[in-house]
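Okay, final32.pdb now, which holds PDB, C-alpha atoms and all ligand atoms:
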```pdb
ATOM      1  CA  MET A 279      -2.519 -40.419 -41.338
ATOM      2  CA  SER A 280      -1.251 -42.486 -38.487
ATOM      3  CA  LYS A 281      -3.550 -44.379 -36.230
ATOM      4  CA  ARG A 282      -4.888 -42.087 -33.572
ATOM      5  CA  ILE A 283      -7.450 -42.032 -30.839
ATOM      6  CA  ASP A 284     -10.404 -39.882 -31.784
ATOM      7  CA  LEU A 285     -11.144 -37.357 -29.091
ATOM      8  CA  TYR A 286     -13.710 -35.415 -31.098
ATOM      9  CA  GLY A 287     -16.711 -34.387 -28.969
ATOM     10  CA  LYS A 288     -15.166 -35.645 -25.747
ATOM     11  CA  ARG A 289     -15.006 -33.636 -22.583
ATOM     12  CA  PHE A 290     -11.895 -33.154 -20.435
ATOM     13  CA  GLY A 291     -12.659 -31.073 -17.381
ATOM     14  CA  ARG A 292     -13.944 -27.782 -18.723
ATOM     15  CA  LEU A 293     -12.788 -28.500 -22.272
ATOM     16  CA  VAL A 294     -14.839 -30.046 -25.066
ATOM     17  CA  VAL A 295     -12.927 -31.163 -28.166
ATOM     18  CA  VAL A 296     -14.363 -29.558 -31.305
ATOM     19  CA  SER A 297     -11.827 -30.288 -34.064
ATOM     20  CA  ARG A 298      -8.547 -31.851 -35.009
ATOM     21  CA  GLN A 299      -5.596 -29.527 -35.504
ATOM     22  CA  ALA A 300      -2.286 -29.997 -37.293
ATOM     23  CA  ASN A 301       0.149 -32.125 -35.329
ATOM     24  CA  SER A 302       2.750 -30.404 -33.215
ATOM     25  CA  SER A 303       6.284 -30.145 -34.613
ATOM     26  CA  ASN A 304       7.250 -33.330 -32.808
ATOM     27  CA  GLY A 305       4.299 -35.251 -34.218
ATOM     28  CA  HIS A 306       1.831 -35.156 -31.349
ATOM     29  CA  ALA A 307      -1.849 -34.978 -32.175
ATOM     30  CA  ARG A 308      -3.496 -31.708 -31.206
ATOM     31  CA  TRP A 309      -7.110 -30.701 -30.789
ATOM     32  CA  LYS A 310      -9.001 -27.498 -30.707
ATOM     33  CA  CYS A 311     -11.156 -27.354 -27.584
ATOM     34  CA  VAL A 312     -13.805 -24.971 -26.358
ATOM     35  CA  CYS A 313     -13.719 -24.178 -22.662
ATOM     36  CA  ASP A 314     -16.847 -23.761 -20.540
ATOM     37  CA  CYS A 315     -15.867 -20.122 -20.136
ATOM     38  CA  GLY A 316     -16.051 -19.621 -23.916
ATOM     39  CA  ASN A 317     -12.333 -19.468 -24.721
ATOM     40  CA  GLU A 318     -10.765 -21.751 -27.314
ATOM     41  CA  LYS A 319      -7.494 -23.575 -26.776
ATOM     42  CA  VAL A 320      -5.421 -25.993 -28.806
ATOM     43  CA  VAL A 321      -4.227 -28.885 -26.653
ATOM     44  CA  SER A 322      -2.270 -32.071 -27.337
ATOM     45  CA  SER A 323      -3.921 -35.476 -26.926
ATOM     46  CA  ASP A 324      -1.454 -36.313 -24.180
ATOM     47  CA  SER A 325      -2.269 -33.268 -22.115
ATOM     48  CA  LEU A 326      -5.989 -33.934 -22.434
ATOM     49  CA  ARG A 327      -5.852 -37.648 -21.693
ATOM     50  CA  SER A 328      -3.419 -37.335 -18.797
ATOM     51  CA  GLY A 329      -5.586 -34.687 -17.145
ATOM     52  CA  LYS A 330      -2.752 -32.167 -17.326
ATOM     53  CA  THR A 331      -4.941 -29.657 -19.132
ATOM     54  CA  ILE A 332      -8.527 -29.307 -17.967
ATOM     55  CA  SER A 333      -9.337 -25.727 -18.971
ATOM     56  CA  CYS A 334      -8.191 -22.834 -21.135
ATOM     57  CA  GLY A 335      -6.314 -21.593 -18.071
ATOM     58  CA  CYS A 336      -9.329 -20.132 -16.336
ATOM     59  CA  TYR A 337      -9.430 -22.929 -13.767
ATOM     60  CA  SER A 338      -5.916 -22.242 -12.425
ATOM     61  CA  ARG A 339      -6.602 -18.540 -12.464
ATOM     62  CA  GLU A 340      -9.753 -18.955 -10.427
ATOM     63  CA  ARG A 341      -8.045 -21.288  -8.014
ATOM     64  CA  PHE A 342      -5.146 -18.887  -7.601
ATOM     65  CA  ILE A 343      -7.473 -15.983  -6.833
ATOM     66  CA  LYS A 344      -9.459 -18.100  -4.397
ATOM     67  CA  GLU A 345      -6.352 -19.289  -2.564
ATOM     68  CA  ASN A 346      -4.996 -15.774  -2.441
ATOM     69  CA  ARG A 347      -8.250 -14.533  -1.000
ATOM     70  CA  GLN A 348      -8.104 -17.267   1.606
ATOM     71  CA  VAL A 349      -4.545 -16.313   2.549
ATOM     72  CA  THR A 350      -5.489 -12.662   2.824
ATOM     73  CA  HIS A 351      -8.492 -13.616   4.897
ATOM     74  CA  ASN A 352      -6.355 -15.591   7.346
ATOM     75  CA  LEU A 353      -3.824 -12.774   7.506
ATOM     76  CA  ARG A 354      -6.487 -10.474   8.875
ATOM     77  CA  LYS A 355      -5.846 -12.002  12.261
ATOM     78  CA  HIS A 356      -2.253 -10.793  12.032
ATOM     79  CA  LYS A 357      -1.233  -7.670  13.957
ATOM     80  CA  LEU A 358      -0.075  -6.079  10.734
ATOM     81  CA  TYR A 359      -3.657  -5.983   9.529
ATOM     82  CA  GLY A 360      -4.485  -3.470  12.250
ATOM     83  CA  VAL A 361      -1.350  -1.492  11.415
ATOM     84  CA  TRP A 362      -2.386  -1.393   7.757
ATOM     85  CA  ARG A 363      -5.956  -0.369   8.519
ATOM     86  CA  SER A 364      -5.084   2.473  10.840
ATOM     87  CA  MET A 365      -2.399   3.705   8.436
ATOM     88  CA  LYS A 366      -5.041   3.887   5.701
ATOM     89  CA  GLU A 367      -7.618   5.496   7.960
ATOM     90  CA  ARG A 368      -5.248   8.191   9.208
ATOM     91  CA  CYS A 369      -4.610   9.163   5.593
ATOM     92  CA  THR A 370      -7.999   8.729   3.956
ATOM     93  CA  CYS A 371     -10.728   8.935   6.557
ATOM     94  CA  GLU A 372     -11.580  12.545   7.370
ATOM     95  CA  THR A 373     -13.315  11.603  10.585
ATOM     96  CA  HIS A 374     -10.239   9.824  11.966
ATOM     97  CA  CYS A 375      -8.925  11.671  15.023
ATOM     98  CA  SER A 376      -5.422  11.963  13.527
ATOM     99  CA  TYR A 377      -6.515  12.797   9.984
ATOM    100  CA  LYS A 378      -5.390  16.423  10.273
ATOM    101  CA  ASP A 379      -1.805  15.300  10.892
ATOM    102  CA  TYR A 380      -1.821  12.796   8.025
ATOM    103  CA  GLY A 381      -4.346  12.940   5.175
ATOM    104  CA  GLY A 382      -5.071  16.522   6.137
ATOM    105  CA  ARG A 383      -1.517  17.572   5.403
ATOM    106  CA  GLY A 384      -1.114  15.528   2.275
ATOM    107  CA  ILE A 385       0.316  12.299   3.684
ATOM    108  CA  THR A 386      -0.838   9.463   1.455
ATOM    109  CA  VAL A 387      -0.481   5.698   1.237
ATOM    110  CA  CYS A 388       1.016   4.416  -2.021
ATOM    111  CA  GLU A 389      -1.446   2.699  -4.312
ATOM    112  CA  GLU A 390       0.011  -0.783  -4.052
ATOM    113  CA  TRP A 391      -0.355  -0.755  -0.266
ATOM    114  CA  LEU A 392      -3.670   1.034  -0.246
ATOM    115  CA  ASN A 393      -5.385  -1.546  -2.392
ATOM    116  CA  ASP A 394      -3.767  -4.751  -1.194
ATOM    117  CA  PHE A 395      -3.023  -5.754   2.374
ATOM    118  CA  LYS A 396      -0.961  -8.713   1.148
ATOM    119  CA  VAL A 397       1.485  -6.414  -0.658
ATOM    120  CA  PHE A 398       1.928  -4.359   2.528
ATOM    121  CA  TYR A 399       2.239  -7.513   4.609
ATOM    122  CA  ASP A 400       4.950  -8.975   2.355
ATOM    123  CA  TRP A 401       6.892  -5.724   2.399
ATOM    124  CA  ALA A 402       6.678  -5.576   6.207
ATOM    125  CA  ILE A 403       7.825  -9.161   6.722
ATOM    126  CA  ASN A 404      10.724  -8.710   4.314
ATOM    127  CA  ASN A 405      11.786  -5.375   5.763
ATOM    128  CA  GLY A 406      12.359  -5.903   9.418
ATOM    129  CA  TYR A 407       8.880  -5.957  10.921
ATOM    130  CA  ARG A 408       8.800  -7.378  14.448
ATOM    131  CA  GLU A 409       6.103  -7.188  17.052
ATOM    132  CA  LYS A 410       6.415  -4.059  19.199
ATOM    133  CA  LEU A 411       8.003  -2.165  16.316
ATOM    134  CA  THR A 412       6.078   0.633  14.722
ATOM    135  CA  ILE A 413       5.994   1.885  11.153
ATOM    136  CA  ASP A 414       7.970   5.073  10.732
ATOM    137  CA  ARG A 415       8.251   7.471   7.816
ATOM    138  CA  ILE A 416      11.874   8.419   7.249
ATOM    139  CA  ASN A 417      10.840  11.770   5.830
ATOM    140  CA  ASN A 418       7.946  12.940   7.951
ATOM    141  CA  ASP A 419       6.578  15.185   5.214
ATOM    142  CA  LYS A 420       6.329  12.330   2.743
ATOM    143  CA  GLY A 421       3.862   9.489   2.587
ATOM    144  CA  TYR A 422       3.717   5.795   3.221
ATOM    145  CA  TYR A 423       5.586   3.925   0.511
ATOM    146  CA  PRO A 424       8.354   1.316   0.682
ATOM    147  CA  GLU A 425      11.344   3.654   0.250
ATOM    148  CA  ASN A 426      10.112   6.066   2.917
ATOM    149  CA  CYS A 427       9.150   3.539   5.564
ATOM    150  CA  ARG A 428      10.934   1.428   8.126
ATOM    151  CA  TRP A 429      10.178  -0.393  11.346
ATOM    152  CA  VAL A 430      11.504   1.232  14.478
ATOM    153  CA  THR A 431      10.994   1.096  18.213
ATOM    154  CA  MET A 432       8.541   3.533  19.773
ATOM    155  CA  ASP A 433      11.507   5.420  21.269
ATOM    156  CA  ILE A 434      13.029   6.188  17.911
ATOM    157  CA  GLN A 435       9.713   7.188  16.450
ATOM    158  CA  ASN A 436       8.948   9.564  19.275
ATOM    159  CA  LYS A 437      12.362  11.141  18.894
ATOM    160  CA  ASN A 438      11.720  11.499  15.190
ATOM    161  CA  LYS A 439       8.350  13.109  15.774
ATOM    162  CA  ARG A 440       9.758  15.491  18.327
ATOM    163  CA  ASN A 441      12.400  16.585  15.868
ATOM    164  CA  THR A 442       9.846  17.549  13.305
ATOM    165  CA  ILE A 443       7.399  19.089  15.751
ATOM    166  CA  ASN A 444      10.247  21.018  17.316
ATOM    167  CA  ARG A 445      11.223  22.734  14.129
ATOM    168  CA  SER A 446      12.676  26.150  14.780
ATOM    169  CA  ILE A 447      10.145  28.898  14.666
ATOM    170  CA  LEU A 448      10.622  32.500  13.650
ATOM    171  CA  GLN A 449       8.663  35.257  15.312
ATOM    172  CA  LYS A 450       8.325  38.300  13.075
ATOM    173  CA  ASP A 451       6.829  41.752  13.438
ATOM    174  CA  GLU A 452       4.310  43.176  10.958
ATOM    175  CA  LYS A 453       7.134  44.421   8.737
ATOM    176  CA  GLY A 454       8.594  40.928   8.509
ATOM    177  CA  ASN A 455      11.606  41.592  10.711
ATOM    178  CA  ILE A 456      12.687  38.639  12.796
ATOM    179  CA  VAL A 457      12.029  39.444  16.430
ATOM    180  CA  ASN A 458      13.014  36.088  17.838
ATOM    181  CA  ARG A 459      14.073  32.616  16.827
ATOM    182  CA  TRP A 460      12.678  29.813  18.960
ATOM    183  CA  ASN A 461      13.684  26.157  19.061
ATOM    184  CA  SER A 462      10.074  25.126  19.224
ATOM    185  CA  SER A 463       6.558  26.441  19.564
ATOM    186  CA  THR A 464       6.556  25.088  23.095
ATOM    187  CA  GLU A 465       9.619  27.086  23.952
ATOM    188  CA  ALA A 466       8.110  30.283  22.554
ATOM    189  CA  ALA A 467       4.803  29.638  24.237
ATOM    190  CA  ARG A 468       6.432  29.048  27.591
ATOM    191  CA  ALA A 469       8.691  32.086  27.391
ATOM    192  CA  LEU A 470       5.907  34.433  26.337
ATOM    193  CA  ASN A 471       3.182  32.753  28.358
ATOM    194  CA  ILE A 472       0.971  32.261  25.339
ATOM    195  CA  ASP A 473      -0.784  29.332  23.696
ATOM    196  CA  ALA A 474       1.479  27.141  21.527
ATOM    197  CA  SER A 475      -1.399  25.939  19.386
ATOM    198  CA  HIS A 476      -2.001  29.471  18.107
ATOM    199  CA  ILE A 477       1.618  29.725  17.055
ATOM    200  CA  ILE A 478       1.402  26.384  15.260
ATOM    201  CA  LYS A 479      -1.798  27.405  13.486
ATOM    202  CA  CYS A 480      -0.012  30.499  12.334
ATOM    203  CA  CYS A 481       2.964  28.466  11.082
ATOM    204  CA  LYS A 482       0.609  26.192   9.191
ATOM    205  CA  GLY A 483      -1.160  29.128   7.618
ATOM    206  CA  LYS A 484      -4.458  28.689   9.418
ATOM    207  CA  TYR A 485      -4.088  31.951  11.300
ATOM    208  CA  LYS A 486      -2.470  35.017   9.819
ATOM    209  CA  THR A 487      -1.100  36.332  13.081
ATOM    210  CA  ALA A 488      -1.040  35.334  16.714
ATOM    211  CA  TYR A 489      -0.502  37.728  19.610
ATOM    212  CA  GLY A 490       0.281  40.494  17.131
ATOM    213  CA  PHE A 491       3.161  38.656  15.475
ATOM    214  CA  TYR A 492       3.735  36.598  12.379
ATOM    215  CA  TRP A 493       5.079  33.100  12.994
ATOM    216  CA  CYS A 494       6.634  30.651  10.611
ATOM    217  CA  TYR A 495       8.780  27.555  10.567
ATOM    218  CA  GLU A 496      12.363  28.263   9.817
ATOM    219  CA  ARG A 497      13.298  26.712   6.515
ATOM    220  CA  VAL A 498      16.094  24.206   6.875
ATOM    221  CA  ASN A 499      17.435  23.059   3.546
TER
HETATM  222 ZN    ZN B 501     -11.768 -21.316 -19.625
END
```
Rewritten as structure tokens:
Amino acid sequence: MSKRIDLYGKRFGRLVVVSRQANSSNGHARWKCVCDCGNEKVVSSDSLRSGKTISCGCYSRERFIKENRQVTHNLRKHKLYGVWRSMKERCTCETHCSYKDYGGRGITVCEEWLNDFKVFYDWAINNGYREKLTIDRINNDKGYYPENCRWVTMDIQNKNKRNTINRSILQKDEKGNIVNRWNSSTEAARALNIDASHIIKCCKGKYKTAYGFYWCYERVN
């Protein structure tokens, strides 16, 4: 055996050398080490002595997690943090004032966003987020996930909302015959001098009838 430096029993960072291993294919001495965390790792003399390897890998992992946590913590001051929180609350928190229009009608936040602000933040930054823009769901009946979301001005979002709220409404008699077709619940309510919210409740299936009629959204496919 060639002359070598004996590292047996020595400590390098979290690693303690416990035995000699076969040389690497290019002739470098290698040692089996036990890490403070309990894992074993085979490391070359060079890596140990140069300080390149100081753990089984657990040290870098811990540092990565810690740094990530720090980044996320700092990001909480960012405006997007508030956007993310209220998006989640609208969809998951039953006491939120808008829950009925979001979580209450099946609008969800995709798992990757729900569990990790950083993932949402990165998506936002890479997909056109600017201050004063608001997050908008392209299909209003679907949830918050990358393919269904974009950043738009308040104007566009309001227009979008109005379009979906102003879905055409059919007024039917008890036999199911269409009595009238309205452009919106507001229009019907105004024309008949009745309460629009009753019509909407009927359309959403909460009431069976309102003012003696059946009401439903007109299906547009
Ligand atoms: Zn370790």
>> Using all atoms listed in the file, which residues have at least one atom no more than 9 Å from ligand ZN 501 (chain B)? Output them as a PyMOL selection string.
In response: chain A and resi 292-293+312-319+332-337
Please produce a file of the residues just selected, as a tab-separated table (two decimals), in the frame of the given file, where the atoms kept are C-alpha atoms.
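Now in part_32.tsv:
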```
chain	number	residue	atom	x	y	z
A	292	ARG	CA	-13.94	-27.78	-18.72
A	293	LEU	CA	-12.79	-28.50	-22.27
A	312	VAL	CA	-13.80	-24.97	-26.36
A	313	CYS	CA	-13.72	-24.18	-22.66
A	314	ASP	CA	-16.85	-23.76	-20.54
A	315	CYS	CA	-15.87	-20.12	-20.14
A	316	GLY	CA	-16.05	-19.62	-23.92
A	317	ASN	CA	-12.33	-19.47	-24.72
A	318	GLU	CA	-10.76	-21.75	-27.31
A	319	LYS	CA	-7.49	-23.58	-26.78
A	332	ILE	CA	-8.53	-29.31	-17.97
A	333	SER	CA	-9.34	-25.73	-18.97
A	334	CYS	CA	-8.19	-22.83	-21.14
A	335	GLY	CA	-6.31	-21.59	-18.07
A	336	CYS	CA	-9.33	-20.13	-16.34
A	337	TYR	CA	-9.43	-22.93	-13.77
```
> Selected by the PyMOL selection byres (((chain A and resi 393-395) around 10) and not hetatm) in the shown coordinates: which residues, as a PyMOL selection string?
Replying inline: chain A and resi 350-351+353-354+358-359+362-363+366+387-392+396-401
>> Please report the interatomic distance between CA of Cys481 in chain A and CA of Ile447 in chain A in Å with one decimal.
In response: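 Computed distance, CA of Cys481 in chain A to CA of Ile447 in chain A, equals 8.0 Å.
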>> For a quick check of your reading of the model, name the residues lying within 12 Å of the coordinate (-5.2, 3.5, 13.7), counting all atoms listed in the file, and write them as a list in words.
In response: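 It turns out the residues near that spot are Lys357, Leu358, Tyr359, Gly360, Val361, Trp362, Arg363, Ser364, Met365, Lys366, Glu367, Arg368, Cys369, Thr370, Cys371, Thr373, His374, Cys375, Ser376, Tyr377, Tyr380, Thr412 and Ile413 of chain A.
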> Using only C-alpha atoms, what residues lie at most 9 Å away from (2.4, 26.2, 17.6) (file coordinates), given as a ChimeraX atom specification?
Replying inline: /A:443,447,462-464,466-467,473-482,493
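Ranking A:Arg428, A:Arg468, A:Lys450, A:Arg459 by their shortest atom-to-atom distance to Asn405 in chain A, with only C-alpha atoms included, puts A:Arg428 first.
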> Between CA of Leu470 in chain A and CA of Lys453 in chain A, what is the distance, to one decimal in Å?
Replying inline: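 According to the coordinates, CA of Leu470 in chain A and CA of Lys453 in chain A are separated by 20.3 Å.
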> Got a sec to resolve the PyMOL selection byres (((chain A and resi 416-422) around 7) and not hetatm) on this structure and send the residues as a ChimeraX atom specification?
Replying inline: /A:385-388,414-415,423-424,426-427
Would you save the residues of that selection, restricted to C-alpha atoms, as a PDB file, keeping the file's coordinate frame?
```pdb
ATOM      1  CA  ILE A 385       0.316  12.299   3.684  1.00  0.00           C
ATOM      2  CA  THR A 386      -0.838   9.463   1.455  1.00  0.00           C
ATOM      3  CA  VAL A 387      -0.481   5.698   1.237  1.00  0.00           C
ATOM      4  CA  CYS A 388       1.016   4.416  -2.021  1.00  0.00           C
ATOM      5  CA  ASP A 414       7.970   5.073  10.732  1.00  0.00           C
ATOM      6  CA  ARG A 415       8.251   7.471   7.816  1.00  0.00           C
ATOM      7  CA  TYR A 423       5.586   3.925   0.511  1.00  0.00           C
ATOM      8  CA  PRO A 424       8.354   1.316   0.682  1.00  0.00           C
ATOM      9  CA  ASN A 426      10.112   6.066   2.917  1.00  0.00           C
ATOM     10  CA  CYS A 427       9.150   3.539   5.564  1.00  0.00           C
TER      11      CYS A 427
END
```
> Any idea what the distance is between CA of Lys310 in chain A and CA of Ser325 in chain A?
Replying inline: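 Between these atoms lies a distance of 12.3 Å.
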> Looking at A:Gln435, A:Tyr495, A:His306, A:Phe290, which one is nearest to Asn461 in chain A, with distances taken over only C-alpha atoms?
Replying inline: A:Tyr495
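Residue selection for this entry, given the PyMOL selection byres (((chain A and resi 305) around 12) and not hetatm), comprises Met279, Ser280, Arg282, Gln299, Ala300, Asn301, Ser302, Ser303, Asn304, His306, Ala307, Arg308, Ser322, Ser323 and Asp324 of chain A.
Of the listed residues (A:His356, A:Arg347, A:Arg383, A:Arg327), A:Arg383 comes nearest to Gly483 in chain A; the distances count only C-alpha atoms.
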Axis-aligned box for range 392-402 of chain A, 6 Å per side, centre and edges in Å as JSON:
```
{"center_x": 0.8, "center_y": -4.0, "center_z": 1.9, "size_x": 24.3, "size_y": 22.0, "size_z": 20.6}
```
>> Let me make sure I understand: among A:Tyr485, A:Tyr286, A:Tyr492, A:Trp429, which one has the smallest atom-to-atom distance to Gln449 in chain A if we use only C-alpha atoms?
In response: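 The closest residue to Gln449 in chain A is A:Tyr492.
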